[in-house]
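Next comes input.pdb, a file with PDB, C-alpha atoms, pLDDT in the B column.
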ATOM      1  CA  MET A   1     -27.047  25.416   8.927  1.00 47.00           C
ATOM      2  CA  ILE A   2     -24.013  24.371  10.962  1.00 48.00           C
ATOM      3  CA  SER A   3     -23.332  20.652  10.690  1.00 51.00           C
ATOM      4  CA  PHE A   4     -22.751  18.378  13.651  1.00 48.00           C
ATOM      5  CA  LEU A   5     -19.118  17.918  12.585  1.00 47.00           C
ATOM      6  CA  GLN A   6     -18.539  21.693  12.530  1.00 48.00           C
ATOM      7  CA  ILE A   7     -20.017  22.029  16.012  1.00 44.00           C
ATOM      8  CA  LEU A   8     -17.837  19.174  17.234  1.00 45.00           C
ATOM      9  CA  LEU A   9     -14.685  20.782  15.790  1.00 44.00           C
ATOM     10  CA  ILE A  10     -15.512  24.121  17.452  1.00 43.00           C
ATOM     11  CA  LEU A  11     -16.015  22.437  20.828  1.00 44.00           C
ATOM     12  CA  LEU A  12     -12.803  20.471  20.477  1.00 40.00           C
ATOM     13  CA  LEU A  13     -10.874  23.599  19.490  1.00 42.00           C
ATOM     14  CA  ARG A  14     -12.091  25.399  22.570  1.00 44.00           C
ATOM     15  CA  ALA A  15     -11.031  22.449  24.671  1.00 41.00           C
ATOM     16  CA  GLY A  16      -7.578  22.439  23.098  1.00 43.00           C
ATOM     17  CA  CYS A  17      -7.900  18.828  21.920  1.00 43.00           C
ATOM     18  CA  SER A  18      -5.729  19.107  18.802  1.00 37.00           C
ATOM     19  CA  GLN A  19      -5.261  15.362  18.434  1.00 38.00           C
ATOM     20  CA  PHE A  20      -8.998  14.765  18.231  1.00 40.00           C
ATOM     21  CA  ILE A  21      -9.406  17.670  15.819  1.00 38.00           C
ATOM     22  CA  GLN A  22      -6.875  16.106  13.450  1.00 38.00           C
ATOM     23  CA  GLN A  23      -8.710  12.778  13.576  1.00 42.00           C
ATOM     24  CA  ALA A  24     -12.043  14.467  12.878  1.00 43.00           C
ATOM     25  CA  GLU A  25     -10.576  16.430   9.959  1.00 38.00           C
ATOM     26  CA  GLN A  26      -9.153  13.249   8.432  1.00 40.00           C
ATOM     27  CA  GLN A  27     -12.555  11.616   8.637  1.00 44.00           C
ATOM     28  CA  ALA A  28     -14.010  14.657   6.877  1.00 42.00           C
ATOM     29  CA  GLY A  29     -11.410  14.382   4.094  1.00 43.00           C
ATOM     30  CA  GLN A  30      -9.790  17.707   5.000  1.00 41.00           C
ATOM     31  CA  VAL A  31      -6.318  16.320   5.784  1.00 54.00           C
ATOM     32  CA  GLU A  32      -4.286  14.531   3.138  1.00 77.00           C
ATOM     33  CA  TYR A  33      -2.677  11.237   4.068  1.00 96.00           C
ATOM     34  CA  SER A  34       1.116  11.336   4.153  1.00 98.00           C
ATOM     35  CA  TYR A  35       3.925   8.993   5.161  1.00 98.00           C
ATOM     36  CA  LEU A  36       7.522   9.918   6.022  1.00 98.00           C
ATOM     37  CA  VAL A  37       9.926   7.604   4.166  1.00 98.00           C
ATOM     38  CA  ARG A  38      13.244   7.356   5.966  1.00 98.00           C
ATOM     39  CA  GLN A  39      16.559   6.710   4.234  1.00 98.00           C
ATOM     40  CA  ALA A  40      18.191   3.327   4.800  1.00 97.00           C
ATOM     41  CA  ASP A  41      21.676   3.228   6.303  1.00 94.00           C
ATOM     42  CA  ARG A  42      22.341  -0.392   5.338  1.00 93.00           C
ATOM     43  CA  THR A  43      21.384  -2.882   2.647  1.00 95.00           C
ATOM     44  CA  PRO A  44      18.954  -5.424   4.085  1.00 97.00           C
ATOM     45  CA  GLN A  45      18.399  -9.068   3.392  1.00 98.00           C
ATOM     46  CA  ILE A  46      14.922  -9.378   1.853  1.00 98.00           C
ATOM     47  CA  ASN A  47      13.547 -12.120   4.088  1.00 98.00           C
ATOM     48  CA  ALA A  48      10.094 -10.995   5.299  1.00 98.00           C
ATOM     49  CA  VAL A  49      11.188 -10.455   8.910  1.00 98.00           C
ATOM     50  CA  TRP A  50       9.082  -7.593  10.255  1.00 98.00           C
ATOM     51  CA  GLY A  51      11.106  -7.027  13.428  1.00 96.00           C
ATOM     52  CA  LYS A  52      14.648  -6.844  12.002  1.00 98.00           C
ATOM     53  CA  LYS A  53      16.848  -3.801  12.694  1.00 97.00           C
ATOM     54  CA  PHE A  54      16.524  -2.451   9.166  1.00 98.00           C
ATOM     55  CA  TRP A  55      12.896  -1.483   9.874  1.00 98.00           C
ATOM     56  CA  ASN A  56      13.416  -0.085  13.386  1.00 95.00           C
ATOM     57  CA  ARG A  57      13.162   3.600  12.480  1.00 93.00           C
ATOM     58  CA  ALA A  58      10.567   3.160   9.754  1.00 98.00           C
ATOM     59  CA  GLU A  59       7.139   4.458  10.637  1.00 96.00           C
ATOM     60  CA  LYS A  60       4.265   1.978  10.717  1.00 97.00           C
ATOM     61  CA  THR A  61       1.015   3.004   9.094  1.00 98.00           C
ATOM     62  CA  SER A  62      -2.250   1.062   9.047  1.00 98.00           C
ATOM     63  CA  LEU A  63      -5.011   0.536   6.508  1.00 98.00           C
ATOM     64  CA  LYS A  64      -8.108   1.781   8.335  1.00 97.00           C
ATOM     65  CA  ASN A  65     -10.367   2.761   5.441  1.00 97.00           C
ATOM     66  CA  TYR A  66     -12.427   0.540   3.155  1.00 97.00           C
ATOM     67  CA  MET A  67     -14.410   0.501  -0.074  1.00 96.00           C
ATOM     68  CA  GLY A  68     -17.858  -0.998  -0.597  1.00 94.00           C
ATOM     69  CA  ASP A  69     -19.832  -2.191   2.416  1.00 94.00           C
ATOM     70  CA  TYR A  70     -18.118  -2.436   5.782  1.00 96.00           C
ATOM     71  CA  PRO A  71     -16.420  -5.865   5.637  1.00 97.00           C
ATOM     72  CA  SER A  72     -17.268  -8.675   8.035  1.00 97.00           C
ATOM     73  CA  HIS A  73     -13.530  -9.443   8.132  1.00 97.00           C
ATOM     74  CA  PHE A  74     -11.234  -6.411   8.530  1.00 98.00           C
ATOM     75  CA  PRO A  75      -7.661  -7.758   8.830  1.00 98.00           C
ATOM     76  CA  LYS A  76      -5.180  -5.548  10.639  1.00 98.00           C
ATOM     77  CA  THR A  77      -2.770  -4.476   7.883  1.00 98.00           C
ATOM     78  CA  GLN A  78       0.377  -2.411   8.476  1.00 98.00           C
ATOM     79  CA  VAL A  79       2.968  -1.035   6.057  1.00 98.00           C
ATOM     80  CA  ARG A  80       6.515   0.281   6.309  1.00 98.00           C
ATOM     81  CA  VAL A  81       8.595   1.959   3.570  1.00 98.00           C
ATOM     82  CA  LYS A  82      12.272   2.958   3.280  1.00 98.00           C
ATOM     83  CA  TYR A  83      14.627   3.888   0.452  1.00 98.00           C
ATOM     84  CA  ASP A  84      18.248   4.183  -0.600  1.00 98.00           C
ATOM     85  CA  GLU A  85      19.939   5.450  -3.750  1.00 97.00           C
ATOM     86  CA  ASN A  86      18.908   2.425  -5.800  1.00 98.00           C
ATOM     87  CA  TYR A  87      15.696   0.994  -4.345  1.00 98.00           C
ATOM     88  CA  ILE A  88      12.440   1.621  -2.574  1.00 98.00           C
ATOM     89  CA  TYR A  89      11.718  -0.999   0.100  1.00 98.00           C
ATOM     90  CA  VAL A  90       8.209  -1.992   1.184  1.00 98.00           C
ATOM     91  CA  THR A  91       6.932  -4.450   3.770  1.00 98.00           C
ATOM     92  CA  PHE A  92       3.383  -5.386   4.801  1.00 99.00           C
ATOM     93  CA  ARG A  93       2.245  -7.285   7.887  1.00 98.00           C
ATOM     94  CA  VAL A  94      -1.282  -8.723   7.881  1.00 98.00           C
ATOM     95  CA  LYS A  95      -3.059 -10.293  10.858  1.00 98.00           C
ATOM     96  CA  ASP A  96      -5.563 -12.278   8.860  1.00 98.00           C
ATOM     97  CA  ASN A  97      -8.143 -15.067   8.702  1.00 96.00           C
ATOM     98  CA  TYR A  98      -9.697 -16.802   5.697  1.00 98.00           C
ATOM     99  CA  VAL A  99      -6.332 -16.839   3.931  1.00 98.00           C
ATOM    100  CA  LYS A 100      -6.144 -18.136   0.388  1.00 98.00           C
ATOM    101  CA  ALA A 101      -3.707 -17.984  -2.551  1.00 98.00           C
ATOM    102  CA  VAL A 102      -4.312 -19.732  -5.871  1.00 98.00           C
ATOM    103  CA  ALA A 103      -2.309 -17.651  -8.378  1.00 98.00           C
ATOM    104  CA  THR A 104       1.164 -19.055  -9.037  1.00 97.00           C
ATOM    105  CA  GLN A 105       2.394 -17.095 -12.079  1.00 97.00           C
ATOM    106  CA  THR A 106       3.703 -13.549 -12.346  1.00 98.00           C
ATOM    107  CA  ASN A 107       0.982 -11.187 -13.591  1.00 98.00           C
ATOM    108  CA  GLY A 108      -1.724 -13.695 -12.681  1.00 97.00           C
ATOM    109  CA  ARG A 109      -4.956 -12.796 -10.871  1.00 97.00           C
ATOM    110  CA  VAL A 110      -3.297 -12.303  -7.492  1.00 98.00           C
ATOM    111  CA  PHE A 111      -5.902  -9.729  -6.435  1.00 97.00           C
ATOM    112  CA  GLN A 112      -8.429 -12.551  -6.111  1.00 98.00           C
ATOM    113  CA  ASP A 113      -6.226 -14.073  -3.389  1.00 98.00           C
ATOM    114  CA  SER A 114      -5.304 -12.702   0.028  1.00 98.00           C
ATOM    115  CA  CYS A 115      -3.368  -9.772  -1.406  1.00 98.00           C
ATOM    116  CA  VAL A 116      -1.598  -6.497  -0.573  1.00 98.00           C
ATOM    117  CA  GLU A 117      -1.040  -3.760  -3.119  1.00 98.00           C
ATOM    118  CA  PHE A 118       1.206  -0.719  -3.594  1.00 98.00           C
ATOM    119  CA  PHE A 119       0.028   1.853  -6.150  1.00 98.00           C
ATOM    120  CA  PHE A 120       2.352   4.807  -6.724  1.00 98.00           C
ATOM    121  CA  THR A 121       3.302   7.697  -8.960  1.00 98.00           C
ATOM    122  CA  PRO A 122       7.109   8.262  -8.796  1.00 98.00           C
ATOM    123  CA  GLY A 123       6.669  12.015  -8.398  1.00 98.00           C
ATOM    124  CA  PRO A 124       4.134  14.578  -7.138  1.00 98.00           C
ATOM    125  CA  ASP A 125       1.894  14.782 -10.235  1.00 97.00           C
ATOM    126  CA  VAL A 126      -0.417  11.814 -10.850  1.00 98.00           C
ATOM    127  CA  SER A 127      -0.919  12.871 -14.483  1.00 97.00           C
ATOM    128  CA  ARG A 128       2.534  11.347 -15.057  1.00 97.00           C
ATOM    129  CA  GLY A 129       0.975   7.903 -14.599  1.00 98.00           C
ATOM    130  CA  TYR A 130       1.376   5.255 -11.927  1.00 98.00           C
ATOM    131  CA  PHE A 131       2.556   1.729 -11.159  1.00 98.00           C
ATOM    132  CA  ASN A 132       0.646  -0.970  -9.294  1.00 98.00           C
ATOM    133  CA  LEU A 133       2.471  -3.844  -7.621  1.00 98.00           C
ATOM    134  CA  GLU A 134      -0.032  -6.399  -6.304  1.00 98.00           C
ATOM    135  CA  THR A 135       1.249  -9.318  -4.238  1.00 98.00           C
ATOM    136  CA  ASN A 136      -0.562 -12.329  -2.830  1.00 98.00           C
ATOM    137  CA  CYS A 137       0.355 -13.831   0.540  1.00 98.00           C
ATOM    138  CA  LYS A 138       2.704 -16.364  -1.125  1.00 98.00           C
ATOM    139  CA  GLY A 139       4.799 -13.660  -2.808  1.00 98.00           C
ATOM    140  CA  VAL A 140       3.333 -14.055  -6.316  1.00 98.00           C
ATOM    141  CA  PHE A 141       2.811 -10.644  -7.879  1.00 98.00           C
ATOM    142  CA  LEU A 142       1.634  -8.669 -10.855  1.00 98.00           C
ATOM    143  CA  PHE A 143       3.401  -5.457 -11.854  1.00 98.00           C
ATOM    144  CA  GLN A 144       1.608  -3.034 -14.131  1.00 98.00           C
ATOM    145  CA  TYR A 145       1.849   0.582 -15.197  1.00 98.00           C
ATOM    146  CA  LYS A 146      -0.335   3.238 -16.757  1.00 97.00           C
ATOM    147  CA  ASN A 147       1.525   6.147 -18.346  1.00 96.00           C
ATOM    148  CA  SER A 148       0.596   9.719 -19.186  1.00 94.00           C
ATOM    149  CA  ASN A 149      -0.790   8.571 -22.560  1.00 94.00           C
ATOM    150  CA  ASN A 150      -3.184   6.186 -20.772  1.00 93.00           C
ATOM    151  CA  LYS A 151      -1.262   3.183 -22.023  1.00 95.00           C
ATOM    152  CA  GLN A 152      -1.787   0.391 -19.508  1.00 96.00           C
ATOM    153  CA  ALA A 153       0.359  -2.741 -19.648  1.00 98.00           C
ATOM    154  CA  PHE A 154       2.360  -5.181 -17.584  1.00 98.00           C
ATOM    155  CA  VAL A 155       5.970  -4.367 -16.849  1.00 98.00           C
ATOM    156  CA  ALA A 156       8.130  -6.676 -18.985  1.00 98.00           C
ATOM    157  CA  LEU A 157       8.910  -9.972 -17.276  1.00 98.00           C
ATOM    158  CA  ASP A 158      12.672  -9.395 -17.507  1.00 98.00           C
ATOM    159  CA  ASP A 159      12.168  -6.157 -15.573  1.00 98.00           C
ATOM    160  CA  ALA A 160       9.713  -7.682 -13.097  1.00 98.00           C
ATOM    161  CA  ARG A 161      12.297 -10.349 -12.256  1.00 97.00           C
ATOM    162  CA  GLN A 162      14.533  -7.607 -10.855  1.00 98.00           C
ATOM    163  CA  ILE A 163      12.125  -7.141  -7.957  1.00 98.00           C
ATOM    164  CA  GLU A 164      13.431  -9.105  -4.998  1.00 98.00           C
ATOM    165  CA  ILE A 165      10.525 -10.354  -2.899  1.00 98.00           C
ATOM    166  CA  SER A 166      10.000 -12.593   0.114  1.00 98.00           C
ATOM    167  CA  HIS A 167       7.051 -13.896   2.135  1.00 98.00           C
ATOM    168  CA  SER A 168       6.704 -15.480   5.575  1.00 98.00           C
ATOM    169  CA  LEU A 169       3.790 -17.854   5.001  1.00 97.00           C
ATOM    170  CA  GLU A 170       4.733 -21.533   5.365  1.00 95.00           C
ATOM    171  CA  GLU A 171       1.228 -22.983   5.162  1.00 94.00           C
ATOM    172  CA  ASN A 172      -0.276 -24.237   1.914  1.00 96.00           C
ATOM    173  CA  VAL A 173      -3.264 -21.952   1.412  1.00 97.00           C
ATOM    174  CA  GLU A 174      -4.492 -23.077  -1.981  1.00 97.00           C
ATOM    175  CA  ASN A 175      -7.489 -24.265   0.018  1.00 98.00           C
ATOM    176  CA  GLU A 176      -8.576 -21.433   2.275  1.00 98.00           C
ATOM    177  CA  ILE A 177      -7.364 -21.599   5.886  1.00 97.00           C
ATOM    178  CA  THR A 178      -9.798 -20.030   8.347  1.00 96.00           C
ATOM    179  CA  LYS A 179      -7.605 -19.994  11.455  1.00 96.00           C
ATOM    180  CA  PRO A 180      -5.808 -16.753  12.427  1.00 97.00           C
ATOM    181  CA  LEU A 181      -2.578 -16.278  10.470  1.00 96.00           C
ATOM    182  CA  THR A 182      -0.066 -13.453  10.402  1.00 98.00           C
ATOM    183  CA  TRP A 183       1.783 -13.104   7.122  1.00 98.00           C
ATOM    184  CA  ILE A 184       4.449 -10.712   5.913  1.00 98.00           C
ATOM    185  CA  ILE A 185       5.494  -9.559   2.462  1.00 98.00           C
ATOM    186  CA  GLU A 186       8.754  -7.695   1.856  1.00 99.00           C
ATOM    187  CA  TYR A 187      10.283  -6.462  -1.412  1.00 98.00           C
ATOM    188  CA  ARG A 188      12.490  -3.892  -3.044  1.00 98.00           C
ATOM    189  CA  ILE A 189      11.904  -2.184  -6.386  1.00 98.00           C
ATOM    190  CA  PRO A 190      14.841  -0.806  -8.426  1.00 98.00           C
ATOM    191  CA  PHE A 191      14.478   2.770  -9.614  1.00 98.00           C
ATOM    192  CA  SER A 192      16.277   1.705 -12.794  1.00 98.00           C
ATOM    193  CA  VAL A 193      13.287  -0.470 -13.718  1.00 98.00           C
ATOM    194  CA  LEU A 194      10.735   2.276 -13.059  1.00 98.00           C
ATOM    195  CA  SER A 195      12.672   4.726 -15.228  1.00 98.00           C
ATOM    196  CA  LYS A 196      12.060   2.555 -18.299  1.00 97.00           C
ATOM    197  CA  TYR A 197       8.338   3.270 -18.174  1.00 98.00           C
ATOM    198  CA  MET A 198       7.928   6.861 -17.001  1.00 97.00           C
ATOM    199  CA  GLU A 199       9.750   9.824 -15.519  1.00 97.00           C
ATOM    200  CA  VAL A 200      10.963   9.068 -11.998  1.00 98.00           C
ATOM    201  CA  ASP A 201      11.916  11.554  -9.295  1.00 98.00           C
ATOM    202  CA  ILE A 202      14.696   9.608  -7.563  1.00 98.00           C
ATOM    203  CA  PRO A 203      14.019   9.823  -3.816  1.00 98.00           C
ATOM    204  CA  GLY A 204      16.057  12.128  -1.631  1.00 98.00           C
ATOM    205  CA  PRO A 205      15.352  14.757   1.014  1.00 97.00           C
ATOM    206  CA  GLY A 206      12.328  16.835   0.004  1.00 97.00           C
ATOM    207  CA  VAL A 207      11.196  14.555  -2.861  1.00 98.00           C
ATOM    208  CA  GLN A 208       7.529  13.574  -2.900  1.00 98.00           C
ATOM    209  CA  TRP A 209       5.689  10.695  -4.535  1.00 98.00           C
ATOM    210  CA  ARG A 210       1.962   9.968  -4.618  1.00 98.00           C
ATOM    211  CA  ALA A 211       0.782   6.567  -3.420  1.00 98.00           C
ATOM    212  CA  ASN A 212      -1.816   4.356  -1.836  1.00 98.00           C
ATOM    213  CA  PHE A 213      -1.715   0.978  -0.107  1.00 98.00           C
ATOM    214  CA  TYR A 214      -4.457  -1.617  -0.344  1.00 98.00           C
ATOM    215  CA  LYS A 215      -5.507  -4.984   1.051  1.00 98.00           C
ATOM    216  CA  CYS A 216      -8.016  -7.180  -0.757  1.00 98.00           C
ATOM    217  CA  ALA A 217      -9.225 -10.763  -1.072  1.00 97.00           C
ATOM    218  CA  ASP A 218     -11.761 -10.771  -3.877  1.00 97.00           C
ATOM    219  CA  MET A 219     -12.404 -14.514  -4.168  1.00 97.00           C
ATOM    220  CA  THR A 220     -12.084 -15.617  -0.546  1.00 97.00           C
ATOM    221  CA  SER A 221     -15.022 -16.428   1.700  1.00 98.00           C
ATOM    222  CA  HIS A 222     -14.734 -12.963   3.319  1.00 98.00           C
ATOM    223  CA  PRO A 223     -13.878 -10.447   0.575  1.00 97.00           C
ATOM    224  CA  HIS A 224     -12.780  -6.948   1.537  1.00 97.00           C
ATOM    225  CA  TRP A 225     -11.199  -3.864  -0.043  1.00 98.00           C
ATOM    226  CA  LEU A 226      -9.141  -1.887   2.467  1.00 98.00           C
ATOM    227  CA  THR A 227      -7.247   1.333   1.759  1.00 98.00           C
ATOM    228  CA  TRP A 228      -4.694   3.566   3.450  1.00 98.00           C
ATOM    229  CA  ALA A 229      -5.770   6.895   1.939  1.00 98.00           C
ATOM    230  CA  PRO A 230      -9.569   7.031   1.526  1.00 97.00           C
ATOM    231  CA  VAL A 231     -10.979   6.412  -1.954  1.00 96.00           C
ATOM    232  CA  ASP A 232     -14.283   8.204  -2.487  1.00 94.00           C
ATOM    233  CA  PHE A 233     -15.888   6.047  -5.160  1.00 91.00           C
ATOM    234  CA  LEU A 234     -19.190   4.183  -5.370  1.00 84.00           C
ATOM    235  CA  LYS A 235     -17.726   0.689  -5.656  1.00 89.00           C
ATOM    236  CA  PRO A 236     -14.344  -0.943  -5.004  1.00 92.00           C
ATOM    237  CA  SER A 237     -11.859   0.501  -7.504  1.00 91.00           C
ATOM    238  CA  PHE A 238      -8.196   0.871  -6.602  1.00 95.00           C
ATOM    239  CA  HIS A 239      -7.139   2.464  -9.892  1.00 96.00           C
ATOM    240  CA  ARG A 240      -7.967   5.944  -8.610  1.00 96.00           C
ATOM    241  CA  PRO A 241      -4.743   7.993  -8.510  1.00 97.00           C
ATOM    242  CA  GLU A 242      -6.731  11.148  -7.769  1.00 96.00           C
ATOM    243  CA  PHE A 243      -7.111   9.811  -4.224  1.00 97.00           C
ATOM    244  CA  PHE A 244      -3.455   8.872  -3.675  1.00 98.00           C
ATOM    245  CA  GLY A 245      -1.790  10.094  -0.500  1.00 98.00           C
ATOM    246  CA  TRP A 246       1.784  11.373  -0.233  1.00 98.00           C
ATOM    247  CA  LEU A 247       5.154   9.731   0.347  1.00 98.00           C
ATOM    248  CA  ASN A 248       7.526  12.370   1.754  1.00 98.00           C
ATOM    249  CA  PHE A 249      11.157  11.288   1.516  1.00 98.00           C
ATOM    250  CA  GLU A 250      13.412  12.331   4.386  1.00 97.00           C
TER     251      GLU A 250
END

Could I get this structure in the form of structure tokens?
Amino acid sequence: MISFLQILLILLLRAGCSQFIQQAEQQAGQVEYSYLVRQADRTPQINAVWGKKFWNRAEKTSLKNYMGDYPSHFPKTQVRVKYDENYIYVTFRVKDNYVKAVATQTNGRVFQDSCVEFFFTPGPDVSRGYFNLETNCKGVFLFQYKNSNNKQAFVALDDARQIEISHSLEENVENEITKPLTWIIEYRIPFSVLSKYMEVDIPGPGVQWRANFYKCADMTSHPHWLTWAPVDFLKPSFHRPEFFGWLNFE
């Protein structure tokens, strides 16, 4: 029996609506999520300014998928990524409500706060392992890895300190703030640190990494688990490299 989605795709094909076909295929899980990472032509100041020239040519991508039940609060979350010969640069912008951050120490439980996360394998094969850098809205982060031998541990603090990170949030949000707030996180990760924990394909034209981006707020009044690439799992679980999308370096 032909499904409704198949009928819809046939009708759209006949109508020549390629844009709508692509959207329908993505919803059906038939198109892999990918992001073009452009090469930086200057070294930026890490200052959590979304609109600065450094990010002008970087594509913006949004987190439009979710895990668990559809959340009552679905903050608009965008990401940009760039690279140079020494670093990968990442910035998030979140248009949020119900903002809270309690964790104050590196490798604390930042995922319980208003938090953005970057999970990535530094190459095309997720069996190599992956890193997860999870950052609350005040710039406090945890940095962890899981290698090909299934060893899972925090990156050493001396190495974690080499990540330069900045945030834009001036408000004290230890007690949750329910008014609309836009907050930005920006950081850069040295390839030299990553190479201590697993094989790294240093970015350059044609290099591919696997990755996903997340937004969560486990212990706020409006918890949610948003994803960039869809994660097909029964309950919220971000440690699912089999569902990572692709970073394609230009």

| request: Go through the shown structure with the PyMOL selection byres ((chain A and resi 168) around 10) and write out the matching residues as number ranges by chain. | output: A: 47-50, 93, 137-139, 166-167, 169-171, 182-186

| request: Skip Gly68 (chain A) itself and residues of its chain fewer than 4 positions away, then list as a list in words all residues within 8 Å of it, counting all atoms listed in the file. | output: Trp225, Leu234, Lys235 and Pro236 of chain A

| said: As a check of understanding, name the residues that the PyMOL selection byres ((chain A and resi 84-89) around 12) selects in the supplied structure, as a ChimeraX atom specification. | reply: /A:37-48,54-55,58,79-83,90-92,118,120,122,162-166,185-195,201-205,209,247,249-250

| said: Rounded to one decimal, what separation in Å do you get between CA of Asn65 (chain A) and CA of Val207 (chain A)? | reply: 25.9 Å

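CA of Met198 (chain A) is positioned 8.9 Å from CA of Tyr145 (chain A).
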
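Taking CA of Asn136 (chain A) and CA of Gln208 (chain A) as endpoints, the distance between them is 27.1 Å.
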
| Written as a ChimeraX atom specification, which residues does the PyMOL selection byres ((chain A and resi 232) around 12) give for the file shown? | /A:27-29,65-68,227,229-231,233-244

Could the residues in this selection be saved with C-alpha atoms as an mmCIF file, keeping the file's coordinate frame?
data_model
loop_
_atom_site.group_PDB
_atom_site.id
_atom_site.type_symbol
_atom_site.label_atom_id
_atom_site.label_comp_id
_atom_site.auth_asym_id
_atom_site.auth_seq_id
_atom_site.Cartn_x
_atom_site.Cartn_y
_atom_site.Cartn_z
ATOM 1 C CA GLN A 27 -12.555 11.616 8.637
ATOM 2 C CA ALA A 28 -14.010 14.657 6.877
ATOM 3 C CA GLY A 29 -11.410 14.382 4.094
ATOM 4 C CA ASN A 65 -10.367 2.761 5.441
ATOM 5 C CA TYR A 66 -12.427 0.540 3.155
ATOM 6 C CA MET A 67 -14.410 0.501 -0.074
ATOM 7 C CA GLY A 68 -17.858 -0.998 -0.597
ATOM 8 C CA THR A 227 -7.247 1.333 1.759
ATOM 9 C CA ALA A 229 -5.770 6.895 1.939
ATOM 10 C CA PRO A 230 -9.569 7.031 1.526
ATOM 11 C CA VAL A 231 -10.979 6.412 -1.954
ATOM 12 C CA PHE A 233 -15.888 6.047 -5.160
ATOM 13 C CA LEU A 234 -19.190 4.183 -5.370
ATOM 14 C CA LYS A 235 -17.726 0.689 -5.656
ATOM 15 C CA PRO A 236 -14.344 -0.943 -5.004
ATOM 16 C CA SER A 237 -11.859 0.501 -7.504
ATOM 17 C CA PHE A 238 -8.196 0.871 -6.602
ATOM 18 C CA HIS A 239 -7.139 2.464 -9.892
ATOM 19 C CA ARG A 240 -7.967 5.944 -8.610
ATOM 20 C CA PRO A 241 -4.743 7.993 -8.510
ATOM 21 C CA GLU A 242 -6.731 11.148 -7.769
ATOM 22 C CA PHE A 243 -7.111 9.811 -4.224
ATOM 23 C CA PHE A 244 -3.455 8.872 -3.675
#

Report, as AutoDock Vina command-line options, the axis-aligned box around all atoms of region 235-243 of chain A present in the file, extended by 6 Å on each side; give centre and edge lengths in Å to one decimal place.
--center_x -11.2 --center_y 5.1 --center_z -7.1 --size_x 25.0 --size_y 24.1 --size_z 17.7

| Taking into account all atoms listed in the file, which residue in the set A:Val99, A:Leu142, A:Leu63, A:Ala160 is nearest to Asn172 (chain A)? |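 Distance minimum relative to Asn172 (chain A) lands on A:Val99.
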
Start from the incomplete input, build N, CA and C atoms for region 151-164 of chain A, and deliver everything as a PDB file, keeping the file's coordinate frame.
ATOM      1  N   LYS A 151      -1.641   4.546 -21.677  1.00 95.00           N
ATOM      2  CA  LYS A 151      -1.262   3.183 -22.023  1.00 95.00           C
ATOM      3  C   LYS A 151      -1.145   2.377 -20.740  1.00 95.00           C
ATOM      4  N   GLN A 152      -1.827   1.257 -20.681  1.00 96.00           N
ATOM      5  CA  GLN A 152      -1.787   0.391 -19.508  1.00 96.00           C
ATOM      6  C   GLN A 152      -1.288  -0.980 -19.930  1.00 96.00           C
ATOM      7  N   ALA A 153      -0.251  -1.465 -19.257  1.00 98.00           N
ATOM      8  CA  ALA A 153       0.359  -2.741 -19.648  1.00 98.00           C
ATOM      9  C   ALA A 153       1.151  -3.297 -18.476  1.00 98.00           C
ATOM     10  N   PHE A 154       1.482  -4.584 -18.574  1.00 98.00           N
ATOM     11  CA  PHE A 154       2.360  -5.181 -17.584  1.00 98.00           C
ATOM     12  C   PHE A 154       3.800  -4.747 -17.829  1.00 98.00           C
ATOM     13  N   VAL A 155       4.526  -4.548 -16.750  1.00 98.00           N
ATOM     14  CA  VAL A 155       5.970  -4.367 -16.849  1.00 98.00           C
ATOM     15  C   VAL A 155       6.559  -5.647 -17.438  1.00 98.00           C
ATOM     16  N   ALA A 156       7.523  -5.511 -18.335  1.00 98.00           N
ATOM     17  CA  ALA A 156       8.130  -6.676 -18.985  1.00 98.00           C
ATOM     18  C   ALA A 156       8.649  -7.659 -17.937  1.00 98.00           C
ATOM     19  N   LEU A 157       8.518  -8.944 -18.242  1.00 98.00           N
ATOM     20  CA  LEU A 157       8.910  -9.972 -17.276  1.00 98.00           C
ATOM     21  C   LEU A 157      10.378  -9.869 -16.877  1.00 98.00           C
ATOM     22  N   ASP A 158      11.251  -9.537 -17.834  1.00 98.00           N
ATOM     23  CA  ASP A 158      12.672  -9.395 -17.507  1.00 98.00           C
ATOM     24  C   ASP A 158      12.886  -8.293 -16.475  1.00 98.00           C
ATOM     25  N   ASP A 159      12.076  -7.234 -16.557  1.00 98.00           N
ATOM     26  CA  ASP A 159      12.168  -6.157 -15.573  1.00 98.00           C
ATOM     27  C   ASP A 159      11.529  -6.566 -14.251  1.00 98.00           C
ATOM     28  N   ALA A 160      10.385  -7.242 -14.318  1.00 98.00           N
ATOM     29  CA  ALA A 160       9.713  -7.682 -13.097  1.00 98.00           C
ATOM     30  C   ALA A 160      10.598  -8.614 -12.282  1.00 98.00           C
ATOM     31  N   ARG A 161      11.419  -9.406 -12.962  1.00 97.00           N
ATOM     32  CA  ARG A 161      12.297 -10.349 -12.256  1.00 97.00           C
ATOM     33  C   ARG A 161      13.360  -9.645 -11.416  1.00 97.00           C
ATOM     34  N   GLN A 162      13.559  -8.358 -11.633  1.00 98.00           N
ATOM     35  CA  GLN A 162      14.533  -7.607 -10.855  1.00 98.00           C
ATOM     36  C   GLN A 162      13.989  -7.174  -9.492  1.00 98.00           C
ATOM     37  N   ILE A 163      12.697  -7.401  -9.271  1.00 98.00           N
ATOM     38  CA  ILE A 163      12.125  -7.141  -7.957  1.00 98.00           C
ATOM     39  C   ILE A 163      12.448  -8.323  -7.051  1.00 98.00           C
ATOM     40  N   GLU A 164      13.147  -8.060  -5.976  1.00 98.00           N
ATOM     41  CA  GLU A 164      13.431  -9.105  -4.998  1.00 98.00           C
ATOM     42  C   GLU A 164      12.317  -9.116  -3.974  1.00 98.00           C
TER      43      GLU A 164
END
